[in-house]
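So this one's start12.csv, CSV, C-alpha atoms and all ligand atoms:
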chain,number,residue,atom,x,y,z
A,1,MET,CA,-22.4,13.8,22.6
A,2,THR,CA,-20.8,10.4,22.1
A,3,SER,CA,-21.8,8.4,19.1
A,4,SER,CA,-22.6,4.6,19.1
A,5,PRO,CA,-20.1,2.2,17.5
A,6,LYS,CA,-22.5,1.8,14.6
A,7,GLU,CA,-22.8,5.6,14.1
A,8,ALA,CA,-19.0,5.8,14.2
A,9,ILE,CA,-18.7,3.1,11.5
A,10,ALA,CA,-21.3,4.8,9.3
A,11,GLU,CA,-19.4,8.1,9.7
A,12,ARG,CA,-16.0,6.6,8.8
A,13,LEU,CA,-17.6,4.8,5.8
A,14,GLY,CA,-18.6,8.3,4.6
A,15,VAL,CA,-15.2,9.9,5.4
A,16,VAL,CA,-13.2,7.2,3.5
A,17,ARG,CA,-15.5,7.3,0.5
A,18,GLN,CA,-15.3,11.1,0.4
A,19,ARG,CA,-11.5,10.8,0.2
A,20,THR,CA,-11.8,8.3,-2.7
A,21,LEU,CA,-14.1,10.6,-4.6
A,22,GLU,CA,-12.0,13.7,-4.0
A,23,LEU,CA,-8.9,11.8,-5.2
A,24,LEU,CA,-10.6,11.3,-8.6
A,25,GLU,CA,-12.6,14.6,-8.6
A,26,SER,CA,-10.5,16.4,-11.2
A,27,LEU,CA,-10.6,13.6,-13.7
A,28,ASP,CA,-13.2,12.9,-16.5
A,29,ASP,CA,-14.7,9.5,-17.5
A,30,GLU,CA,-12.2,9.1,-20.3
A,31,GLN,CA,-9.3,9.4,-17.9
A,32,LEU,CA,-11.0,6.9,-15.5
A,33,ASN,CA,-11.4,4.3,-18.2
A,34,ARG,CA,-8.0,4.8,-19.9
A,35,VAL,CA,-5.3,2.1,-19.6
A,36,TYR,CA,-2.1,4.0,-18.8
A,37,SER,CA,0.1,1.0,-18.0
A,38,PRO,CA,-0.1,-2.8,-18.1
A,39,LEU,CA,1.1,-2.7,-14.5
A,40,LEU,CA,-1.8,-0.7,-13.2
A,41,SER,CA,-5.6,-1.0,-13.5
A,42,PRO,CA,-7.7,1.7,-15.1
A,43,LEU,CA,-9.1,3.9,-12.3
A,44,ALA,CA,-12.6,2.8,-13.1
A,45,TRP,CA,-11.6,-0.8,-12.3
A,46,ASP,CA,-10.3,0.2,-8.9
A,47,LEU,CA,-13.4,2.2,-8.2
A,48,GLY,CA,-15.7,-0.7,-9.2
A,49,HIS,CA,-13.5,-3.2,-7.2
A,50,ILE,CA,-13.8,-1.0,-4.1
A,51,ALA,CA,-17.6,-1.1,-4.3
A,52,ASN,CA,-17.6,-4.8,-5.2
A,53,PHE,CA,-15.3,-5.7,-2.2
A,54,GLU,CA,-17.7,-3.7,0.0
A,55,GLU,CA,-20.7,-5.6,-1.4
A,56,LEU,CA,-19.0,-9.0,-1.1
A,57,TRP,CA,-18.0,-8.5,2.6
A,58,LEU,CA,-20.4,-6.0,4.1
A,59,VAL,CA,-23.6,-6.9,2.2
A,60,GLN,CA,-23.2,-10.5,1.1
A,61,ALA,CA,-20.9,-12.1,3.7
A,62,VAL,CA,-22.3,-10.2,6.7
A,63,GLY,CA,-25.8,-9.4,5.6
A,64,GLY,CA,-26.5,-12.6,3.7
A,65,ARG,CA,-27.9,-10.7,0.7
A,66,GLU,CA,-27.7,-11.8,-3.0
A,67,PRO,CA,-25.3,-9.8,-5.2
A,68,LEU,CA,-26.9,-6.8,-6.9
A,69,ARG,CA,-25.5,-7.5,-10.3
A,70,GLY,CA,-25.3,-11.2,-10.6
A,71,GLU,CA,-21.9,-12.4,-11.9
A,72,LEU,CA,-20.3,-9.0,-12.1
A,73,GLY,CA,-18.1,-9.7,-9.1
A,74,ARG,CA,-15.8,-12.1,-11.1
A,75,PHE,CA,-14.5,-9.2,-13.2
A,76,TYR,CA,-13.4,-7.4,-10.0
A,77,ASP,CA,-11.6,-10.4,-8.5
A,78,ALA,CA,-8.0,-9.2,-8.3
A,79,ILE,CA,-6.5,-12.7,-8.4
A,80,GLU,CA,-8.6,-13.9,-11.4
A,81,ASN,CA,-8.0,-10.8,-13.5
A,82,PRO,CA,-4.3,-9.7,-13.9
A,83,ARG,CA,-3.9,-5.9,-14.1
A,84,LYS,CA,-2.9,-5.9,-17.8
A,85,THR,CA,-6.4,-7.4,-18.7
A,86,ARG,CA,-8.6,-5.2,-16.6
A,87,GLY,CA,-9.1,-2.5,-19.3
A,88,GLU,CA,-10.7,-5.1,-21.6
A,89,LEU,CA,-13.2,-6.4,-19.1
A,90,PRO,CA,-16.9,-5.6,-19.2
A,91,ILE,CA,-16.7,-3.6,-16.0
A,92,LEU,CA,-19.0,-0.8,-15.0
A,93,ARG,CA,-18.2,2.6,-16.3
A,94,ASP,CA,-19.4,6.2,-16.1
A,95,PRO,CA,-22.9,6.8,-14.6
A,96,GLU,CA,-23.5,3.0,-14.2
A,97,LEU,CA,-20.4,2.8,-12.0
A,98,ARG,CA,-21.5,5.7,-9.8
A,99,THR,CA,-25.0,4.2,-9.4
A,100,TYR,CA,-23.4,0.9,-8.3
A,101,LEU,CA,-21.2,2.6,-5.7
A,102,ALA,CA,-24.3,4.3,-4.3
A,103,ASP,CA,-26.5,1.2,-4.4
A,104,VAL,CA,-24.0,-0.9,-2.6
A,105,ARG,CA,-23.5,1.8,0.1
A,106,GLU,CA,-27.3,2.0,0.7
A,107,ARG,CA,-27.4,-1.8,1.4
A,108,THR,CA,-24.2,-1.6,3.5
A,109,LEU,CA,-25.9,0.9,5.8
A,110,GLN,CA,-29.1,-1.2,6.0
A,111,VAL,CA,-27.0,-4.3,7.0
A,112,LEU,CA,-25.1,-2.2,9.5
A,113,GLU,CA,-28.4,-1.5,11.3
A,114,GLU,CA,-29.1,-5.3,11.7
A,115,VAL,CA,-25.7,-6.8,12.7
A,116,GLU,CA,-24.3,-7.5,16.1
A,117,ILE,CA,-20.8,-5.9,16.5
A,118,GLY,CA,-18.4,-6.3,19.3
A,119,ASP,CA,-16.4,-8.8,21.3
A,120,GLY,CA,-19.3,-11.2,21.8
A,121,ALA,CA,-20.3,-11.3,18.2
A,122,GLU,CA,-21.0,-14.8,16.9
A,123,ASN,CA,-19.7,-14.1,13.5
A,124,ARG,CA,-15.9,-13.7,13.7
A,125,LEU,CA,-15.9,-11.2,10.9
A,126,LEU,CA,-17.9,-8.8,13.2
A,127,ARG,CA,-15.8,-9.2,16.4
A,128,GLU,CA,-14.0,-5.9,17.2
A,129,GLY,CA,-15.7,-4.7,14.0
A,130,PHE,CA,-13.0,-6.5,12.0
A,131,VAL,CA,-14.8,-6.6,8.7
A,132,TYR,CA,-15.5,-2.8,8.8
A,133,GLU,CA,-11.8,-2.1,9.6
A,134,MET,CA,-10.8,-4.3,6.7
A,135,LEU,CA,-13.1,-2.4,4.4
A,136,PHE,CA,-11.6,1.0,5.5
A,137,ALA,CA,-8.1,-0.3,5.1
A,138,HIS,CA,-8.9,-1.9,1.7
A,139,GLU,CA,-10.4,1.3,0.2
A,140,LEU,CA,-7.5,3.5,1.6
A,141,GLN,CA,-4.9,1.0,0.2
A,142,HIS,CA,-6.6,1.3,-3.2
A,143,ASN,CA,-6.4,5.1,-2.9
A,144,GLU,CA,-2.6,4.5,-2.9
A,145,THR,CA,-2.8,2.2,-5.9
A,146,MET,CA,-4.8,4.9,-7.7
A,147,LEU,CA,-2.1,7.4,-6.7
A,148,GLN,CA,0.5,5.2,-8.4
A,149,LEU,CA,-1.5,5.5,-11.6
A,150,LEU,CA,-2.1,9.2,-11.1
A,151,GLN,CA,1.7,9.6,-11.4
A,152,MET,CA,1.1,8.8,-15.1
A,153,VAL,CA,-1.7,11.3,-15.6
A,154,ASP,CA,-0.3,14.5,-17.1
A,155,GLY,CA,-1.5,17.6,-15.3
A,156,TYR,CA,-3.3,15.8,-12.5
A,157,GLU,CA,-4.7,18.4,-10.1
A,158,PRO,CA,-4.7,17.2,-6.5
A,159,VAL,CA,-7.7,18.7,-4.6
A,160,ARG,CA,-6.1,17.9,-1.2
A,161,PRO,CA,-2.5,18.5,-0.2
A,162,GLU,CA,-2.2,14.9,0.9
A,163,PHE,CA,-2.7,13.8,-2.7
A,164,ALA,CA,0.6,15.5,-3.8
A,165,PRO,CA,4.1,14.2,-2.8
A,166,GLY,CA,5.4,15.5,0.5
A,167,PHE,CA,9.0,14.9,1.6
A,168,ALA,CA,11.3,16.2,4.3
A,169,PRO,CA,15.0,16.8,3.6
A,170,SER,CA,17.5,14.2,4.8
A,171,PRO,CA,21.3,14.3,5.0
A,172,GLU,CA,23.2,12.6,2.1
A,173,GLU,CA,25.4,10.9,4.7
A,174,PRO,CA,22.9,9.5,7.2
A,175,GLU,CA,23.5,9.0,10.8
A,176,SER,CA,23.1,5.5,12.0
A,177,ILE,CA,21.7,4.0,15.2
A,178,ALA,CA,23.0,0.9,16.9
A,179,VAL,CA,20.5,-1.8,18.1
A,180,GLU,CA,21.4,-4.3,20.6
A,181,GLY,CA,21.2,-8.0,19.7
A,182,GLY,CA,18.9,-10.3,21.5
A,183,LYS,CA,15.3,-11.5,21.6
A,184,HIS,CA,12.8,-9.0,20.3
A,185,GLU,CA,9.0,-9.3,19.8
A,186,VAL,CA,7.6,-8.6,16.3
A,187,GLY,CA,4.2,-8.9,14.7
A,188,ALA,CA,0.7,-7.6,15.7
A,189,PRO,CA,-0.7,-8.2,19.2
A,190,ARG,CA,-3.8,-10.5,19.5
A,191,ARG,CA,-6.2,-7.6,19.8
A,192,GLY,CA,-6.9,-4.7,17.5
A,193,PHE,CA,-7.1,-4.6,13.7
A,194,ALA,CA,-4.3,-6.2,11.7
A,195,TYR,CA,-4.0,-8.5,8.7
A,196,ASP,CA,-3.5,-12.2,9.1
A,197,ASN,CA,0.1,-11.9,7.8
A,198,GLU,CA,1.1,-9.7,10.7
A,199,ARG,CA,0.2,-12.4,13.2
A,200,PRO,CA,1.0,-14.2,15.4
A,201,ARG,CA,3.3,-11.9,17.4
A,202,HIS,CA,6.4,-13.9,18.1
A,203,THR,CA,10.0,-13.7,19.3
A,204,VAL,CA,13.0,-13.3,16.9
A,205,ASP,CA,16.6,-13.5,17.9
A,206,ILE,CA,18.5,-10.7,16.1
A,207,PRO,CA,22.3,-10.2,16.2
A,208,PRO,CA,23.4,-6.6,17.0
A,209,PHE,CA,23.1,-4.3,14.0
A,210,GLU,CA,23.2,-0.7,12.9
A,211,ILE,CA,20.5,1.0,10.8
A,212,ASP,CA,20.5,4.4,9.0
A,213,ARG,CA,18.3,7.0,10.7
A,214,THR,CA,17.0,8.3,7.4
A,215,PRO,CA,16.2,6.8,4.0
A,216,VAL,CA,18.6,7.0,1.1
A,217,THR,CA,18.4,10.4,-0.7
A,218,ASN,CA,18.3,11.3,-4.4
A,219,GLY,CA,21.7,13.0,-3.9
A,220,ALA,CA,23.3,9.7,-2.7
A,221,TYR,CA,21.5,7.8,-5.4
A,222,ILE,CA,22.9,10.1,-8.1
A,223,ARG,CA,26.4,9.4,-6.8
A,224,PHE,CA,25.7,5.7,-7.0
A,225,MET,CA,24.4,6.1,-10.6
A,226,GLU,CA,27.5,8.1,-11.6
A,227,ASP,CA,29.8,5.5,-10.1
A,228,THR,CA,28.2,2.3,-11.3
A,229,GLY,CA,26.2,3.3,-14.4
A,230,ALA,CA,22.9,2.3,-12.7
A,231,GLU,CA,19.6,3.3,-14.3
A,232,PRO,CA,17.8,6.4,-13.0
A,233,PRO,CA,14.7,5.8,-10.9
A,234,MET,CA,11.3,5.7,-12.7
A,235,TYR,CA,10.0,9.2,-13.6
A,236,TRP,CA,13.5,10.7,-14.0
A,237,GLU,CA,15.0,12.2,-17.1
A,238,PRO,CA,18.2,14.2,-17.8
A,239,ASP,CA,17.8,18.0,-17.7
A,240,GLY,CA,20.4,18.3,-20.5
A,241,GLU,CA,22.9,20.0,-18.2
A,242,GLY,CA,24.1,17.0,-16.2
A,243,GLY,CA,21.2,17.1,-13.7
A,244,TRP,CA,17.9,15.3,-13.4
A,245,LEU,CA,14.2,16.2,-13.7
A,246,GLN,CA,11.2,14.5,-12.0
A,247,THR,CA,8.6,13.8,-14.7
A,248,ALA,CA,5.7,12.3,-12.7
A,249,ARG,CA,2.2,13.8,-13.5
A,250,GLY,CA,3.8,15.3,-16.7
A,251,ARG,CA,5.8,17.8,-14.6
A,252,ARG,CA,9.4,18.8,-15.1
A,253,ASP,CA,10.7,19.6,-11.6
A,254,PRO,CA,14.4,19.4,-10.7
A,255,VAL,CA,15.2,16.4,-8.6
A,256,ASP,CA,15.8,17.5,-5.0
A,257,PRO,CA,19.0,15.9,-3.8
A,258,GLY,CA,17.9,16.0,-0.1
A,259,HIS,CA,14.6,14.1,-0.6
A,260,PRO,CA,14.4,10.3,-0.3
A,261,VAL,CA,14.8,8.4,-3.6
A,262,VAL,CA,11.6,6.8,-4.7
A,263,HIS,CA,10.4,4.5,-7.5
A,264,VAL,CA,13.4,2.2,-7.4
A,265,SER,CA,13.3,-1.6,-7.6
A,266,TRP,CA,14.4,-4.1,-4.9
A,267,HIS,CA,17.3,-5.1,-7.2
A,268,GLU,CA,18.4,-1.4,-7.4
A,269,ALA,CA,18.1,-0.9,-3.6
A,270,ASP,CA,20.1,-4.0,-2.9
A,271,ALA,CA,22.8,-3.0,-5.4
A,272,PHE,CA,23.0,0.5,-3.8
A,273,ALA,CA,23.4,-1.0,-0.4
A,274,ARG,CA,26.3,-3.3,-1.5
A,275,TRP,CA,27.9,-0.3,-3.3
A,276,ALA,CA,27.7,1.6,0.0
A,277,ASP,CA,29.3,-1.3,1.9
A,278,LYS,CA,26.0,-1.9,3.7
A,279,ARG,CA,23.0,-4.1,3.2
A,280,LEU,CA,19.2,-3.8,3.3
A,281,PRO,CA,17.7,-4.4,6.8
A,282,SER,CA,15.5,-7.5,7.3
A,283,GLU,CA,11.9,-6.7,8.0
A,284,ALA,CA,12.4,-7.8,11.7
A,285,GLU,CA,15.3,-5.4,12.1
A,286,TRP,CA,13.2,-2.7,10.6
A,287,GLU,CA,10.3,-3.3,13.0
A,288,VAL,CA,12.6,-3.6,16.0
A,289,ALA,CA,14.4,-0.3,15.2
A,290,ARG,CA,11.3,1.6,14.1
A,291,PRO,CA,10.5,3.4,17.4
A,292,ARG,CA,13.9,5.2,17.1
A,293,LEU,CA,13.8,5.9,13.3
A,294,ASP,CA,13.2,9.2,11.6
A,295,GLY,CA,12.0,9.8,8.1
A,296,ILE,CA,9.2,7.1,8.1
A,297,GLY,CA,6.1,7.7,6.1
A,298,GLN,CA,7.7,9.2,3.0
A,299,VAL,CA,8.6,6.2,0.9
A,300,TRP,CA,8.0,2.5,1.3
A,301,GLU,CA,11.2,0.8,2.3
A,302,TRP,CA,12.5,-2.4,0.7
A,303,THR,CA,13.8,-5.0,3.1
A,304,SER,CA,16.0,-8.0,2.5
A,305,SER,CA,13.1,-10.3,3.5
A,306,ASP,CA,11.0,-12.6,1.4
A,307,PHE,CA,7.2,-12.4,2.1
A,308,ARG,CA,6.7,-15.5,4.3
A,309,ALA,CA,4.2,-16.7,6.9
A,310,TYR,CA,5.1,-16.0,10.5
A,311,PRO,CA,5.3,-19.2,12.6
A,312,GLY,CA,1.8,-20.3,13.5
A,313,PHE,CA,0.1,-18.2,10.7
A,314,GLU,CA,-3.6,-18.7,10.2
A,315,ALA,CA,-5.3,-17.3,7.1
A,316,PHE,CA,-8.2,-15.0,7.9
A,317,PRO,CA,-10.6,-14.1,6.5
A,318,TYR,CA,-9.5,-15.4,3.1
A,319,ARG,CA,-6.4,-17.1,1.7
A,320,GLU,CA,-6.1,-14.7,-1.2
A,321,TYR,CA,-5.2,-11.8,0.9
A,322,SER,CA,-1.8,-13.1,2.0
A,323,GLU,CA,-1.3,-16.8,1.9
A,324,VAL,CA,-1.2,-17.3,-1.9
A,325,PHE,CA,1.7,-14.7,-2.1
A,326,PHE,CA,3.9,-16.4,0.5
A,327,GLY,CA,7.2,-17.8,-0.8
A,328,ASP,CA,10.4,-16.4,-2.3
A,329,ALA,CA,8.9,-14.5,-5.2
A,330,TYR,CA,7.9,-11.3,-3.3
A,331,LYS,CA,10.0,-9.0,-1.1
A,332,VAL,CA,8.6,-7.2,1.9
A,333,LEU,CA,8.4,-3.4,2.1
A,334,ARG,CA,7.9,-1.6,5.5
A,335,GLY,CA,6.9,1.8,6.6
A,336,GLY,CA,4.6,3.7,4.3
A,337,ALA,CA,4.9,6.4,1.7
A,338,TRP,CA,3.5,9.9,1.4
A,339,ALA,CA,0.6,8.3,-0.5
A,340,THR,CA,-0.2,5.9,2.3
A,341,HIS,CA,-3.0,6.8,4.6
A,342,PRO,CA,-1.6,7.0,8.2
A,343,SER,CA,-4.1,4.5,9.5
A,344,VAL,CA,-2.7,1.9,7.1
A,345,ALA,CA,0.9,2.3,8.1
A,346,ARG,CA,1.0,0.4,11.4
A,347,SER,CA,4.5,-0.5,12.6
A,348,THR,CA,3.7,-4.2,12.0
A,349,PHE,CA,2.2,-3.7,8.5
A,350,ARG,CA,3.8,-5.8,5.8
A,351,ASN,CA,3.6,-4.6,2.2
A,352,TRP,CA,5.0,-6.9,-0.6
A,353,ASP,CA,5.8,-6.7,-4.2
A,354,LEU,CA,8.0,-8.3,-6.9
A,355,PRO,CA,11.7,-7.3,-6.7
A,356,GLN,CA,11.7,-5.6,-10.2
A,357,ARG,CA,8.7,-3.3,-9.5
A,358,ARG,CA,9.2,0.5,-9.5
A,359,GLN,CA,5.7,2.0,-10.1
A,360,ILE,CA,5.1,1.7,-6.3
A,361,PHE,CA,6.4,4.4,-4.0
A,362,SER,CA,9.5,2.4,-3.1
A,363,GLY,CA,12.7,3.7,-1.5
A,364,PHE,CA,14.9,2.1,1.2
A,365,ARG,CA,17.4,2.7,4.0
A,366,CYS,CA,20.5,0.7,4.7
A,367,ALA,CA,21.8,-1.4,7.6
A,368,ARG,CA,25.0,-3.1,8.7
A,369,ASP,CA,26.1,-5.9,11.0
A,370,LEU,CA,27.7,-4.9,14.2
A,371,PRO,CA,30.3,-7.1,15.9
B,1,FE,FE,-8.4,-4.9,-3.5
Show how you would write the structure in this file as structure tokens.
Amino acid sequence: MTSSPKEAIAERLGVVRQRTLELLESLDDEQLNRVYSPLLSPLAWDLGHIANFEELWLVQAVGGREPLRGELGRFYDAIENPRKTRGELPILRDPELRTYLADVRERTLQVLEEVEIGDGAENRLLREGFVYEMLFAHELQHNETMLQLLQMVDGYEPVRPEFAPGFAPSPEEPESIAVEGGKHEVGAPRRGFAYDNERPRHTVDIPPFEIDRTPVTNGAYIRFMEDTGAEPPMYWEPDGEGGWLQTARGRRDPVDPGHPVVHVSWHEADAFARWADKRLPSEAEWEVARPRLDGIGQVWEWTSSDFRAYPGFEAFPYREYSEVFFGDAYKVLRGGAWATHPSVARSTFRNWDLPQRRQIFSGFRCARDLP
């Protein structure tokens, strides 16, 4: 039996929410409300923000309803409220928070019954079900943000295997692949879900280059640290015998030299690449080479590129998703980490962060010019 598009949306809404709830299932309210780091929101803020974003787009914008809780939304505005302030805000907590999630969802499903979805929809938000795709992606992306915070929660018990780090071994001396120079197409095609910053698809002229087949490993990074005195990645500490331990989630596991290095800053990645007589790839090079690359989906990969608008960029559906971040302050990361839901990690997806950040699941691979 095939389900209608609306039934399929309702089902995915349920599947995504189940993932969010299972991610936090082993935590108590105190852990949800606690501020672990000025760089990360308390989990209760993320959860309330997920529901508020749903209310804003799927209930208010699409359904024309009034907000359930008056002015509450301003405390969940990610631009208005920097992360270090979010623990102090009068946000919803405990049973009140759970009630809000459920109340919003009930209204979302009512609105879904009423709206017209599809190519001919008058409201651009509803064409190709865009606003629902945006909602799924948003919630799954916040799952990853919550996983960043969960690295700081001692004894966190993942109830699904996908909530624990998963890495494949890579060689310390990576093979590289050569990519011919010339004109290449990058960016998302006109149809299908993508964020505004991935469009329009356009042609870039790239000189020939070589890119490593696999990301930089812990073993290679240790050699770099020993040679240059560079800082260890976040969540590493010495084991007292010349080796290193991973301390995320309060564990003390030996660092595996064959796994990709993670939790390094852009500055550190860039310094490693220079030390290795290589450089970081540009995001266009990364995207062009991707169909031939191994090891994707373990760590986000820093690129040399600033987060800028593609030529002909048009903000949709709101400037605060991408446009306000364009410029030379943020660096682009490509690929996706073990903590990234596969549906988020499109080959054209652009992640961005400040070059000093390390709490994200950031690693990198190296590239080199070819004559
Ligand atoms: Fe958000």
### Task
Enumerate as a list in words the residues within 9 Å of ligand FE 1 (chain B), counting all atoms listed in the file.
Asp46, His49, Ile50, Phe53, Tyr76, Asp77, Ala78, His138, Glu139, Gln141, His142 and Tyr321 of chain A
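What separates atom CA of A:Pro260 from atom CA of A:Ser170 is a distance of 7.1 Å.
Each of A:Gly187, A:Pro158, A:Gly363, A:Gly335 was checked against A:Glu25 using all atoms listed in the file; the smallest atom-to-atom distance is that of A:Pro158.
Interatomic distance, atom CA of A:Gly155 against atom CA of A:Asp29: 15.6 Å.
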### Task
Determine, counting only C-alpha atoms, which protein, DNA and RNA residues have an atom within 10 Å of an atom of A:Met234; residues of the same chain fewer than 3 positions away are not included. Present the result as a ChimeraX atom specification.
/A:231,237,246-248,262-265,357-360
Name the residues, using the chain letters and numbers of the file, that sit within 10 Å of (-27.4, -1.5, -4.9) when counting all atoms listed in the file, and give them as a short mmCIF file (atom, residue, chain, number, x, y, z; two decimals) with C-alpha atoms, keeping the file's coordinate frame.
data_model
loop_
_atom_site.label_atom_id
_atom_site.label_comp_id
_atom_site.auth_asym_id
_atom_site.auth_seq_id
_atom_site.Cartn_x
_atom_site.Cartn_y
_atom_site.Cartn_z
CA ALA A 51 -17.60 -1.10 -4.30
CA GLU A 55 -20.70 -5.60 -1.40
CA VAL A 59 -23.60 -6.90 2.20
CA PRO A 67 -25.30 -9.80 -5.20
CA LEU A 68 -26.90 -6.80 -6.90
CA ARG A 69 -25.50 -7.50 -10.30
CA THR A 99 -25.00 4.20 -9.40
CA TYR A 100 -23.40 0.90 -8.30
CA LEU A 101 -21.20 2.60 -5.70
CA ALA A 102 -24.30 4.30 -4.30
CA ASP A 103 -26.50 1.20 -4.40
CA VAL A 104 -24.00 -0.90 -2.60
CA ARG A 105 -23.50 1.80 0.10
CA GLU A 106 -27.30 2.00 0.70
CA ARG A 107 -27.40 -1.80 1.40
CA THR A 108 -24.20 -1.60 3.50
#
### Pairwise distance for atom CA of A:Gly129 and atom CA of A:Trp300, rounded to one decimal in Å
27.8 Å
#### Entry: Answer as number ranges by chain, residues within 6 Å of (17.4, -6.6, 13.9) using all atoms listed in the file
A: 206, 284-285
Kindly output stretch 282-288 of chain A as a short mmCIF file (atom, residue, chain, number, x, y, z; two decimals), in the coordinates of the input, after building all heavy atoms.
data_model
loop_
_atom_site.label_atom_id
_atom_site.label_comp_id
_atom_site.auth_asym_id
_atom_site.auth_seq_id
_atom_site.Cartn_x
_atom_site.Cartn_y
_atom_site.Cartn_z
N SER A 282 16.63 -6.51 7.39
CA SER A 282 15.50 -7.50 7.30
C SER A 282 14.28 -6.80 7.85
O SER A 282 14.37 -5.76 8.51
CB SER A 282 15.85 -8.71 8.19
OG SER A 282 15.80 -8.33 9.56
N GLU A 283 13.12 -7.38 7.56
CA GLU A 283 11.90 -6.70 8.00
C GLU A 283 11.81 -6.74 9.58
O GLU A 283 11.29 -5.81 10.19
CB GLU A 283 10.63 -7.29 7.41
CG GLU A 283 10.37 -8.74 7.67
CD GLU A 283 8.94 -9.13 7.28
OE1 GLU A 283 8.02 -8.31 7.45
OE2 GLU A 283 8.75 -10.26 6.82
N ALA A 284 12.37 -7.80 10.19
CA ALA A 284 12.40 -7.80 11.70
C ALA A 284 13.24 -6.73 12.22
O ALA A 284 12.86 -6.05 13.19
CB ALA A 284 12.82 -9.21 12.15
N GLU A 285 14.41 -6.53 11.61
CA GLU A 285 15.30 -5.40 12.10
C GLU A 285 14.57 -4.10 11.92
O GLU A 285 14.63 -3.23 12.80
CB GLU A 285 16.59 -5.43 11.25
CG GLU A 285 17.53 -6.55 11.60
CD GLU A 285 18.73 -6.62 10.66
OE1 GLU A 285 18.65 -6.16 9.50
OE2 GLU A 285 19.77 -7.16 11.08
N TRP A 286 13.89 -3.93 10.80
CA TRP A 286 13.20 -2.70 10.60
C TRP A 286 12.14 -2.44 11.66
O TRP A 286 12.05 -1.34 12.22
CB TRP A 286 12.51 -2.71 9.16
CG TRP A 286 12.02 -1.38 8.73
CD1 TRP A 286 12.66 -0.52 7.88
CD2 TRP A 286 10.81 -0.73 9.13
NE1 TRP A 286 11.93 0.62 7.74
CE2 TRP A 286 10.79 0.52 8.49
CE3 TRP A 286 9.75 -1.08 9.96
CZ2 TRP A 286 9.75 1.43 8.66
CZ3 TRP A 286 8.71 -0.17 10.14
CH2 TRP A 286 8.72 1.05 9.48
N GLU A 287 11.40 -3.49 11.97
CA GLU A 287 10.30 -3.30 13.00
C GLU A 287 10.86 -3.09 14.36
O GLU A 287 10.30 -2.30 15.13
CB GLU A 287 9.43 -4.60 12.94
CG GLU A 287 8.15 -4.45 13.75
CD GLU A 287 7.21 -5.63 13.59
OE1 GLU A 287 7.10 -6.16 12.45
OE2 GLU A 287 6.59 -6.01 14.59
N VAL A 288 11.95 -3.75 14.69
CA VAL A 288 12.60 -3.60 16.00
C VAL A 288 13.13 -2.15 16.16
O VAL A 288 13.03 -1.53 17.21
CB VAL A 288 13.67 -4.63 16.23
CG1 VAL A 288 14.56 -4.27 17.40
CG2 VAL A 288 13.04 -6.01 16.43
#
